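Text of run15.txt, listed as compact mmCIF, C-alpha atoms:
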# COMPACT_ATOMS: atom_id res chain seq x y z
CA MET A 13 -65.45 35.39 66.61
CA GLU A 14 -68.50 35.63 64.37
CA ARG A 15 -67.96 39.38 64.20
CA VAL A 16 -64.31 38.92 63.30
CA GLU A 17 -65.17 36.47 60.52
CA PHE A 18 -67.83 38.84 59.23
CA ILE A 19 -65.55 41.80 58.87
CA SER A 20 -62.53 39.87 57.64
CA GLU A 21 -64.25 38.76 54.45
CA GLU A 22 -65.70 40.67 51.55
CA GLN A 23 -69.47 40.99 51.51
CA VAL A 24 -71.86 40.15 48.72
CA ILE A 25 -75.06 42.21 48.83
CA ILE A 26 -78.12 41.22 46.78
CA ASN A 27 -79.95 44.40 45.80
CA GLU A 28 -83.73 44.72 45.46
CA ASP A 29 -83.53 44.44 41.65
CA GLY A 30 -81.61 41.17 41.96
CA THR A 31 -78.20 42.57 41.05
CA ARG A 32 -75.14 41.69 43.10
CA THR A 33 -72.90 44.23 44.79
CA GLU A 34 -69.57 43.06 46.11
CA THR A 35 -67.88 45.18 48.75
CA MET A 36 -64.15 45.56 49.12
CA MET A 37 -62.58 45.28 52.55
CA LEU A 38 -59.95 47.92 53.33
CA ASN A 39 -57.81 48.13 56.46
CA MET A 40 -57.27 51.72 57.48
CA GLY A 41 -54.57 51.85 60.15
CA PRO A 42 -53.27 51.03 62.65
CA GLN A 43 -50.25 52.88 61.23
CA HIS A 44 -52.17 55.47 59.23
CA PRO A 45 -51.29 59.00 60.47
CA ALA A 46 -54.87 60.22 60.09
CA THR A 47 -56.21 57.71 62.62
CA HIS A 48 -54.64 59.87 65.38
CA GLY A 49 -52.92 56.90 66.99
CA VAL A 50 -52.74 53.16 66.58
CA LEU A 51 -56.38 52.76 65.57
CA ARG A 52 -57.43 50.20 62.99
CA ILE A 53 -60.68 50.67 61.12
CA VAL A 54 -61.94 47.91 58.84
CA LEU A 55 -63.91 49.54 56.03
CA HIS A 56 -66.29 47.75 53.69
CA LEU A 57 -66.45 49.81 50.52
CA ASP A 58 -68.81 49.91 47.59
CA GLY A 59 -66.59 51.92 45.28
CA GLU A 60 -65.68 54.95 47.40
CA MET A 61 -68.78 54.68 49.60
CA VAL A 62 -68.45 53.24 53.09
CA VAL A 63 -70.95 50.43 53.64
CA LYS A 64 -69.68 49.46 57.09
CA ALA A 65 -66.90 50.61 59.40
CA VAL A 66 -65.66 48.66 62.42
CA PRO A 67 -63.01 50.20 64.71
CA TYR A 68 -60.43 47.91 66.30
CA ILE A 69 -58.59 49.06 69.41
CA GLY A 70 -56.10 47.59 71.88
CA TYR A 71 -52.82 48.21 70.08
CA LEU A 72 -51.74 50.65 72.81
CA HIS A 73 -53.13 48.79 75.83
CA ARG A 74 -50.83 49.03 78.85
CA GLY A 75 -53.08 47.87 81.68
CA ILE A 76 -53.00 51.19 83.52
CA GLU A 77 -56.05 50.48 85.69
CA LYS A 78 -54.65 47.13 86.85
CA LEU A 79 -51.19 48.58 87.46
CA CYS A 80 -52.69 51.19 89.78
CA GLU A 81 -54.01 48.44 92.08
CA HIS A 82 -50.43 47.55 93.04
CA ILE A 83 -49.00 50.99 93.84
CA THR A 84 -49.90 53.82 96.20
CA TYR A 85 -52.46 56.47 95.31
CA GLN A 86 -49.82 59.13 94.66
CA GLN A 87 -47.79 56.75 92.50
CA CYS A 88 -50.82 56.36 90.21
CA LEU A 89 -50.54 60.00 89.15
CA PRO A 90 -47.93 59.55 86.35
CA TYR A 91 -50.09 56.87 84.75
CA THR A 92 -52.99 59.31 84.37
CA ASP A 93 -51.04 61.75 82.17
CA ARG A 94 -49.99 58.86 79.92
CA MET A 95 -53.64 58.39 78.92
CA ASP A 96 -54.70 61.59 77.18
CA TYR A 97 -51.17 62.89 76.77
CA ILE A 98 -52.46 65.86 74.77
CA ALA A 99 -54.01 67.28 77.96
CA SER A 100 -51.93 65.60 80.66
CA ILE A 101 -52.49 68.24 83.33
CA CYS A 102 -56.29 67.84 83.04
CA ASN A 103 -56.04 64.08 83.66
CA ASN A 104 -53.74 64.74 86.65
CA ILE A 105 -56.11 67.22 88.26
CA GLY A 106 -59.16 65.00 87.66
CA TYR A 107 -57.48 62.08 89.40
CA ILE A 108 -56.24 64.19 92.32
CA LEU A 109 -59.77 65.54 92.87
CA ALA A 110 -61.13 61.98 92.97
CA VAL A 111 -58.57 60.94 95.62
CA GLU A 112 -59.25 64.07 97.68
CA LYS A 113 -62.95 63.25 97.53
CA LEU A 114 -62.20 59.69 98.69
CA LEU A 115 -60.22 61.10 101.62
CA GLY A 116 -62.92 63.67 102.39
CA ILE A 117 -60.49 66.60 102.38
CA GLU A 118 -62.01 68.78 99.63
CA ASP A 119 -62.65 71.60 102.12
CA GLU A 120 -59.06 71.49 103.37
CA ILE A 121 -57.48 72.39 100.02
CA PRO A 122 -56.09 75.97 99.99
CA GLU A 123 -57.69 78.44 97.59
CA ARG A 124 -54.32 79.19 96.01
CA ALA A 125 -54.01 75.56 94.94
CA LYS A 126 -57.59 75.43 93.61
CA THR A 127 -57.21 78.62 91.58
CA THR A 128 -53.89 77.45 90.14
CA GLU A 129 -55.47 74.14 89.13
CA VAL A 130 -58.26 76.02 87.32
CA ILE A 131 -55.67 78.03 85.37
CA LEU A 132 -53.68 74.94 84.45
CA PHE A 133 -56.81 72.96 83.58
CA GLU A 134 -58.00 75.64 81.16
CA LEU A 135 -54.52 75.95 79.64
CA GLY A 136 -54.69 72.19 79.11
CA ARG A 137 -58.08 72.60 77.43
CA ILE A 138 -56.71 75.21 75.04
CA GLU A 139 -53.65 73.07 74.37
CA SER A 140 -55.83 70.05 73.54
CA HIS A 141 -58.17 72.00 71.25
CA LEU A 142 -55.20 73.50 69.41
CA VAL A 143 -53.87 70.04 68.68
CA GLY A 144 -57.34 68.77 67.76
CA ILE A 145 -58.10 71.59 65.32
CA GLY A 146 -54.55 71.73 63.95
CA THR A 147 -54.28 68.02 63.21
CA ASN A 148 -57.81 67.84 61.82
CA ALA A 149 -56.95 70.68 59.46
CA LEU A 150 -53.66 69.02 58.53
CA ASP A 151 -55.49 65.76 57.72
CA LEU A 152 -57.63 67.69 55.25
CA GLY A 153 -54.70 69.54 53.68
CA ALA A 154 -54.60 72.83 55.61
CA MET A 155 -50.95 73.11 56.66
CA SER A 156 -50.89 76.76 57.80
CA ALA A 157 -53.54 76.38 60.50
CA PHE A 158 -51.60 73.45 61.93
CA LEU A 159 -48.45 75.57 62.28
CA TYR A 160 -50.30 78.46 63.94
CA CYS A 161 -51.90 76.07 66.44
CA PHE A 162 -48.65 74.36 67.35
CA LYS A 163 -46.89 77.68 67.81
CA GLU A 164 -49.32 78.59 70.61
CA ARG A 165 -49.18 75.09 72.02
CA GLU A 166 -45.47 75.62 72.62
CA ARG A 167 -46.25 78.75 74.67
CA ILE A 168 -48.44 76.65 76.97
CA TYR A 169 -45.70 74.04 77.22
CA ASP A 170 -43.29 76.79 78.28
CA ILE A 171 -45.65 77.71 81.13
CA LEU A 172 -45.99 74.07 82.21
CA GLU A 173 -42.24 73.58 82.04
CA THR A 174 -41.69 76.61 84.27
CA VAL A 175 -44.22 75.31 86.79
CA CYS A 176 -43.24 71.63 87.01
CA GLY A 177 -40.23 70.98 84.78
CA ALA A 178 -42.17 68.82 82.30
CA ARG A 179 -43.82 69.77 79.03
CA LEU A 180 -45.85 66.78 77.84
CA THR A 181 -46.39 64.42 80.79
CA THR A 182 -46.68 66.80 83.71
CA SER A 183 -47.42 64.63 86.80
CA TYR A 184 -47.74 67.92 88.63
CA PRO A 185 -50.42 68.27 91.36
CA ARG A 186 -50.41 66.39 94.65
CA VAL A 187 -53.15 65.16 96.93
CA GLY A 188 -53.78 68.21 99.12
CA GLY A 189 -52.57 70.89 96.70
CA LEU A 190 -49.34 71.68 94.86
CA PRO A 191 -45.89 70.13 95.47
CA LEU A 192 -44.18 73.56 95.40
CA ASP A 193 -45.33 77.14 95.29
CA LEU A 194 -45.68 78.77 91.90
CA PRO A 195 -42.54 80.29 90.38
CA GLU A 196 -42.30 84.08 90.40
CA SER A 197 -42.58 84.26 86.61
CA PHE A 198 -45.85 82.28 86.48
CA GLU A 199 -48.27 85.19 86.61
CA GLU A 200 -46.31 87.20 84.04
CA MET A 201 -46.13 84.25 81.63
CA VAL A 202 -49.87 83.59 81.90
CA ARG A 203 -50.73 87.26 81.35
CA ASN A 204 -48.43 87.41 78.31
CA PHE A 205 -50.19 84.35 76.90
CA LEU A 206 -53.57 86.02 77.46
CA LYS A 207 -52.35 89.01 75.43
CA ILE A 208 -50.76 87.09 72.56
CA PHE A 209 -53.04 84.11 72.07
CA PRO A 210 -56.26 85.89 70.94
CA THR A 211 -54.41 87.27 67.89
CA THR A 212 -53.28 83.81 66.82
CA LEU A 213 -56.72 82.36 67.49
CA THR A 214 -58.21 85.01 65.21
CA GLU A 215 -55.70 84.06 62.52
CA VAL A 216 -56.71 80.40 62.77
CA GLU A 217 -60.37 81.40 62.49
CA ASN A 218 -59.60 83.55 59.43
CA LEU A 219 -57.83 80.60 57.83
CA LEU A 220 -60.59 78.05 58.42
CA THR A 221 -63.99 79.34 59.52
CA ARG A 222 -64.98 80.84 56.15
CA ASN A 223 -62.60 78.80 54.02
CA ARG A 224 -64.63 77.27 51.19
CA ILE A 225 -62.60 74.06 51.04
CA TRP A 226 -62.71 73.59 54.82
CA ILE A 227 -66.47 74.15 54.86
CA GLU A 228 -67.08 71.68 52.03
CA ARG A 229 -64.94 69.03 53.73
CA THR A 230 -66.61 69.39 57.15
CA LYS A 231 -70.13 70.82 56.78
CA GLY A 232 -72.72 68.04 56.61
CA VAL A 233 -69.98 65.45 57.27
CA ALA A 234 -70.01 63.00 60.21
CA VAL A 235 -73.47 64.11 61.33
CA ILE A 236 -74.82 62.77 64.62
CA SER A 237 -78.20 63.84 66.00
CA ALA A 238 -78.75 65.00 69.57
CA GLU A 239 -80.79 61.90 70.38
CA ASP A 240 -78.14 59.54 68.99
CA ALA A 241 -75.37 61.49 70.71
CA VAL A 242 -77.07 61.06 74.08
CA ASP A 243 -77.85 57.38 73.44
CA LEU A 244 -74.22 56.70 72.52
CA GLY A 245 -72.91 58.52 75.59
CA LEU A 246 -71.06 61.29 73.76
CA THR A 247 -69.73 64.16 75.85
CA GLY A 248 -67.69 67.30 75.34
CA PRO A 249 -67.70 69.24 72.07
CA SER A 250 -68.94 66.13 70.22
CA LEU A 251 -72.14 66.26 72.29
CA ARG A 252 -72.55 70.04 72.48
CA ALA A 253 -72.15 70.35 68.70
CA SER A 254 -75.34 68.29 68.41
CA GLY A 255 -77.31 70.76 70.52
CA VAL A 256 -77.04 69.27 74.02
CA PRO A 257 -75.72 71.90 76.48
CA TYR A 258 -74.11 69.48 78.94
CA ASP A 259 -70.86 70.54 80.63
CA VAL A 260 -69.61 68.99 83.88
CA ARG A 261 -68.29 72.39 85.00
CA LYS A 262 -71.87 73.68 85.01
CA ALA A 263 -73.77 70.48 85.90
CA THR A 264 -71.63 69.40 88.87
CA PRO A 265 -69.08 72.17 89.50
CA TYR A 266 -65.67 71.44 90.98
CA LEU A 267 -62.69 73.67 91.87
CA GLY A 268 -65.13 76.56 92.34
CA TYR A 269 -66.18 76.71 88.66
CA GLU A 270 -69.58 77.94 89.81
CA ASN A 271 -67.87 81.24 90.71
CA TYR A 272 -66.50 81.86 87.22
CA ASP A 273 -68.35 83.69 84.48
CA PHE A 274 -68.29 81.66 81.25
CA GLU A 275 -70.66 80.25 78.66
CA VAL A 276 -71.03 76.72 77.27
CA PRO A 277 -70.82 76.87 73.44
CA VAL A 278 -73.52 74.86 71.69
CA ALA A 279 -74.25 74.18 67.99
CA ASN A 280 -77.17 72.32 66.46
CA GLU A 281 -76.00 70.76 63.20
CA GLY A 282 -74.02 67.92 64.81
CA ASP A 283 -71.46 67.77 61.98
CA ALA A 284 -67.67 68.07 61.85
CA TYR A 285 -67.89 71.82 61.18
CA SER A 286 -70.04 72.37 64.29
CA ARG A 287 -67.55 70.47 66.42
CA TYR A 288 -64.80 72.73 65.09
CA LEU A 289 -66.82 75.85 65.94
CA CYS A 290 -67.52 74.59 69.47
CA ARG A 291 -63.82 74.00 70.12
CA VAL A 292 -62.89 77.45 68.87
CA GLU A 293 -65.47 79.13 71.09
CA GLU A 294 -64.44 76.98 74.04
CA MET A 295 -60.94 78.41 73.74
CA HIS A 296 -62.39 81.92 73.93
CA GLN A 297 -64.30 80.91 77.08
CA SER A 298 -61.17 79.33 78.59
CA LEU A 299 -59.37 82.64 78.12
CA LYS A 300 -62.15 84.35 80.12
CA ILE A 301 -61.81 81.81 82.93
CA ILE A 302 -58.01 82.10 83.04
CA GLN A 303 -58.24 85.90 83.13
CA GLN A 304 -60.64 85.78 86.09
CA ALA A 305 -58.50 83.21 87.90
CA ILE A 306 -55.17 85.01 87.44
CA ASP A 307 -56.76 88.30 88.54
CA ASN A 308 -57.97 86.64 91.75
CA LEU A 309 -55.04 84.32 92.44
CA PRO A 310 -54.69 84.50 96.24
CA ASP A 311 -51.56 84.37 98.32
CA GLY A 312 -51.15 81.96 101.18
CA PRO A 313 -50.47 78.24 101.53
CA TYR A 314 -50.30 76.12 98.40
CA ILE A 315 -50.84 72.73 100.05
CA ALA A 316 -53.06 71.53 102.90
CA ASP A 317 -51.72 71.04 106.43
CA LEU A 318 -52.49 67.31 106.68
CA PRO A 319 -49.53 65.47 108.24
CA ASP A 320 -50.93 61.97 107.55
CA ILE A 321 -51.39 62.68 103.85
CA VAL A 322 -49.03 65.45 102.73
CA LEU A 323 -45.26 65.04 102.70
CA PRO A 324 -43.30 67.31 105.05
CA GLU A 325 -41.22 70.12 103.61
CA LYS A 326 -37.90 68.98 102.22
CA GLU A 327 -35.90 71.08 104.67
CA LEU A 328 -37.68 69.42 107.61
CA THR A 329 -37.10 65.98 106.12
CA TYR A 330 -33.36 66.70 106.06
CA THR A 331 -33.18 68.17 109.58
CA ARG A 332 -35.81 66.48 111.78
CA MET A 333 -36.09 62.77 112.52
CA GLU A 334 -39.88 62.78 112.96
CA SER A 335 -40.31 64.45 109.56
CA LEU A 336 -37.96 61.92 107.95
CA ILE A 337 -39.97 59.05 109.43
CA ARG A 338 -43.26 60.59 108.27
CA HIS A 339 -41.82 61.10 104.79
CA PHE A 340 -40.69 57.47 104.66
CA VAL A 341 -44.04 56.08 105.80
CA ILE A 342 -46.11 58.16 103.35
CA VAL A 343 -43.83 57.32 100.40
CA TYR A 344 -43.39 53.63 101.23
CA GLU A 345 -46.86 52.70 102.51
CA GLY A 346 -48.95 55.56 101.17
CA PHE A 347 -51.73 57.37 103.00
CA LYS A 348 -54.71 55.17 103.84
CA PRO A 349 -58.19 56.45 102.92
CA PRO A 350 -61.18 54.99 104.76
CA ALA A 351 -62.80 51.97 103.12
CA GLY A 352 -65.39 53.03 100.57
CA GLU A 353 -65.88 54.04 96.98
CA VAL A 354 -66.06 57.32 95.13
CA GLN A 355 -66.65 58.63 91.62
CA HIS A 356 -65.58 62.04 90.40
CA ALA A 357 -66.01 63.56 86.95
CA VAL A 358 -64.34 66.55 85.31
CA GLU A 359 -64.93 68.27 81.98
CA ASN A 360 -61.86 67.16 80.05
CA PRO A 361 -61.20 68.87 76.69
CA LYS A 362 -62.59 65.80 74.91
CA GLY A 363 -65.56 65.25 77.20
CA GLU A 364 -66.46 63.85 80.59
CA LEU A 365 -63.48 62.18 82.27
CA SER A 366 -64.52 60.19 85.32
CA TYR A 367 -62.46 58.32 87.91
CA TYR A 368 -63.99 55.58 90.03
CA LEU A 369 -61.97 54.48 93.06
CA ILE A 370 -62.58 51.75 95.64
CA SER A 371 -60.61 51.78 98.88
CA ASP A 372 -60.23 48.77 101.18
CA GLY A 373 -58.50 50.88 103.81
CA SER A 374 -54.98 50.14 102.61
CA GLY A 375 -52.49 52.49 100.99
CA LYS A 376 -53.25 51.17 97.49
CA PRO A 377 -56.48 51.40 95.47
CA TYR A 378 -58.49 48.19 95.57
CA ARG A 379 -59.90 49.20 92.18
CA MET A 380 -59.47 52.13 89.83
CA ARG A 381 -61.72 52.55 86.82
CA VAL A 382 -61.43 55.34 84.26
CA ARG A 383 -64.27 56.53 82.06
CA GLY A 384 -62.36 58.10 79.19
CA PRO A 385 -64.29 60.39 76.81
CA SER A 386 -62.30 59.34 73.72
CA PHE A 387 -63.28 55.69 74.25
CA VAL A 388 -66.99 56.47 74.50
CA ASN A 389 -67.02 59.12 71.77
CA MET A 390 -65.44 56.70 69.30
CA GLN A 391 -68.61 54.59 69.46
CA ALA A 392 -70.22 57.14 67.17
CA LEU A 393 -67.63 56.71 64.41
CA SER A 394 -69.34 53.76 62.69
CA GLN A 395 -72.68 55.56 62.55
CA MET A 396 -71.03 58.79 61.35
CA VAL A 397 -69.20 57.32 58.36
CA GLU A 398 -71.61 54.72 56.99
CA GLY A 399 -72.89 55.93 53.65
CA SER A 400 -70.17 58.56 53.28
CA LEU A 401 -66.98 58.68 51.21
CA VAL A 402 -63.64 57.27 52.30
CA ALA A 403 -62.25 60.82 52.45
CA ASP A 404 -64.96 61.71 54.96
CA VAL A 405 -63.70 59.02 57.34
CA ILE A 406 -60.56 61.13 57.80
CA ALA A 407 -62.62 64.23 58.58
CA SER A 408 -64.83 62.24 60.97
CA ILE A 409 -61.94 60.89 63.05
CA GLY A 410 -60.35 64.32 63.28
CA SER A 411 -63.61 65.94 64.32
CA LEU A 412 -64.00 63.50 67.24
CA ASP A 413 -60.48 64.42 68.43
CA ILE A 414 -59.68 61.01 69.91
CA VAL A 415 -56.45 59.96 71.61
CA LEU A 416 -55.65 56.25 71.56
CA GLY A 417 -53.62 56.43 74.75
CA GLU A 418 -56.86 57.15 76.58
CA ILE A 419 -58.96 54.69 74.57
CA ASP A 420 -56.70 51.69 75.11
CA ARG A 421 -55.16 52.63 78.49

Structure rendered as structure tokens:
Amino acid sequence: MERVEFISEEQVIINEDGTRTETMMLNMGPQHPATHGVLRIVLHLDGEMVVKAVPYIGYLHRGIEKLCEHITYQQCLPYTDRMDYIASICNNIGYILAVEKLLGIEDEIPERAKTTEVILFELGRIESHLVGIGTNALDLGAMSAFLYCFKERERIYDILETVCGARLTTSYPRVGGLPLDLPESFEEMVRNFLKIFPTTLTEVENLLTRNRIWIERTKGVAVISAEDAVDLGLTGPSLRASGVPYDVRKATPYLGYENYDFEVPVANEGDAYSRYLCRVEEMHQSLKIIQQAIDNLPDGPYIADLPDIVLPEKELTYTRMESLIRHFVIVYEGFKPPAGEVQHAVENPKGELSYYLISDGSGKPYRMRVRGPSFVNMQALSQMVEGSLVADVIASIGSLDIVLGEIDR
């Protein structure tokens, strides 16, 4: 309450020469479009200079972690893509990998399913970075880049829609692999995207990378040092732009990422411009990974043969009593992992996304905890904007690329 009282009143600062400076309190958000969600930031201003900035969250809290303690493991999946809804498929895959690790079936997953998940994960990364760069540019007045980015985002949505029927909230993978085999048009659509997207990405770079206005609005703005970035727990492009080459795909590989040839983009300035450059280069690297994966997409089963965990084929459910009973039991009671706990991290587009699960041996999680990168990365916002202009607050938020659905959960 002391903190609330402090930031809800104007401050009076006595300077060294004895003069008084009164700060004005300004509420930015939670309805401001440039806060990238229902985020409220209380700014203390000395003229146009930010003296103090305090973020307020919770306007989008839905109790996802608590809800997941009352439903089966598979039923938790749709809640995960309602967190970072800009990269839903990445959240889905991260959660599925955590459950498979809890069950101890990682080695049972078919290669076709793993390779497909890599392709979809990297498409989700590109999709997220397109939205992040496009909206950040739009916040600072660059309309054209926003339109180019969203045009390519729609191509990715077309691929996702073909695969699972959904565009935004995918809820696609299943524990053990994929619910259905890939459609015949999947490979062709992905290869067409690989041909078309580099041209648009080059156009976005031509619009922004050497644009004088863009450079002046982002270079030297929202600076965070490597030491502070590590201390604050930053991950993803926000950390790598400060010179720390940490990427979960390299540090603790999953889905066979150790077999793919790609680089981890790193910058050293730690400002908004560096974060933009890292995201652009990450999209180039994602294209390399997708190309390798689609070239080596194997045939064969798309889901593991685990009768106690995986639902029987629909045709068998309709025609065989034992399959119908198994289907009923798995859907109604859920599969039952052994008692224990597990933590699994993936390199989400915004940083390290980690799921922590505790099993008590029942068909429902005893506890699910999510470490969302947006939530942790936002800690740096106050330090980034203090001493800068109000206009730089907009650039700072956009450069962090936060999503309030993941922050509040």

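Computed from the coordinates, the CA of Arg124 (chain A) to CA of Tyr314 (chain A) distance equals 5.6 Å.
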
| task | Excluding Val402 (chain A) and residues on its chain fewer than 2 positions from it, collect all residues at most 12 Å away from it, counting only C-alpha atoms, and give them as a PyMOL selection string. | result | chain A and resi 38-40+53-65+229+233-234+396-400+404-409

| If you measure from CA of Thr84 (chain A) to CA of Gly375 (chain A), what distance in Å do you get, rounded to one decimal? | 5.6 Å

| task | Tell me, as a PyMOL selection string, which residues lie within 8 Å of region 182-193 of chain A, counting only C-alpha atoms; anything in the same chain fewer than 3 positions away does not count. | result | chain A and resi 86+89-90+93+100-101+104-105+108-109+111-112+117+120-122+125-126+172+176-179+314-316+318+321-322

| Spatial neighbours of Gly232 (chain A), 9 Å, only C-alpha atoms, chain gap at least 2 places, as a VMD selection string | chain A and resid 227 to 230 234 to 235 281 to 285

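We find CA of Ala351 (chain A) and CA of Gly116 (chain A) to be spaced 11.7 Å apart.
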
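Of the residues under consideration (A:Thr214, A:Ser254, A:Thr264, A:Ser140), A:Thr264 shows the shortest atom-to-atom contact distance to Ala357 (chain A) when counting all atoms listed in the file.
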
| If you count all atoms listed in the file, which residues fall within 6 Å of Glu81 (chain A), apart from same-chain ones fewer than 2 positions away, as a PyMOL selection string? | chain A and resi 78-79+83+377-379

| Using only C-alpha atoms, which residues sit within 10 Å of Val341 (chain A) once same-chain residues fewer than 6 positions away are excluded, as a list in words? | Asp320, Leu323, Ser335 and Phe347 of chain A

Would you mind exporting C-alpha atoms of the selected residues as a PDB file, in the frame of the given file?
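Output (again_32.pdb):
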ATOM      1  CA  ASP A 320     -50.930  61.970 107.550  1.00  0.00           C
ATOM      2  CA  LEU A 323     -45.260  65.040 102.700  1.00  0.00           C
ATOM      3  CA  SER A 335     -40.310  64.450 109.560  1.00  0.00           C
ATOM      4  CA  PHE A 347     -51.730  57.370 103.000  1.00  0.00           C
TER       5      PHE A 347
END

At a cut-off of 6 Å, can you tabulate as CSV every residue of region 333-383 of chain A near region 243-252 of chain A together with its closest atom pair and the distance in Å to one decimal, using all atoms listed in the file and ordering rows by chain then number?
residue,atom,partner,partner_atom,distance
A:Lys362,CA,A:Gly248,CA,5.3
A:Gly363,CA,A:Gly248,CA,3.5
A:Glu364,CA,A:Thr247,CA,5.8

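Nearest to Lys326 (chain A) of all the residues A:Lys300, A:His141, A:His339, A:His73 is A:His339, based on all atoms listed in the file.
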
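With distances taken over all atoms listed in the file, A:Thr181 is the one residue among A:Thr181, A:Thr127, A:Thr211, A:Ser394 lying closest to Asn103 (chain A).
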
| remark: Counting only C-alpha atoms, the residue among A:Val50, A:Asp119, A:Gln43, A:Gly373 that lies closest to Asp317 (chain A) is A:Asp119

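When only C-alpha atoms are used to compute distances to Gly268 (chain A), the closest of the residues A:Glu199, A:Asp96, A:Glu327, A:Glu118 turns out to be A:Glu118.
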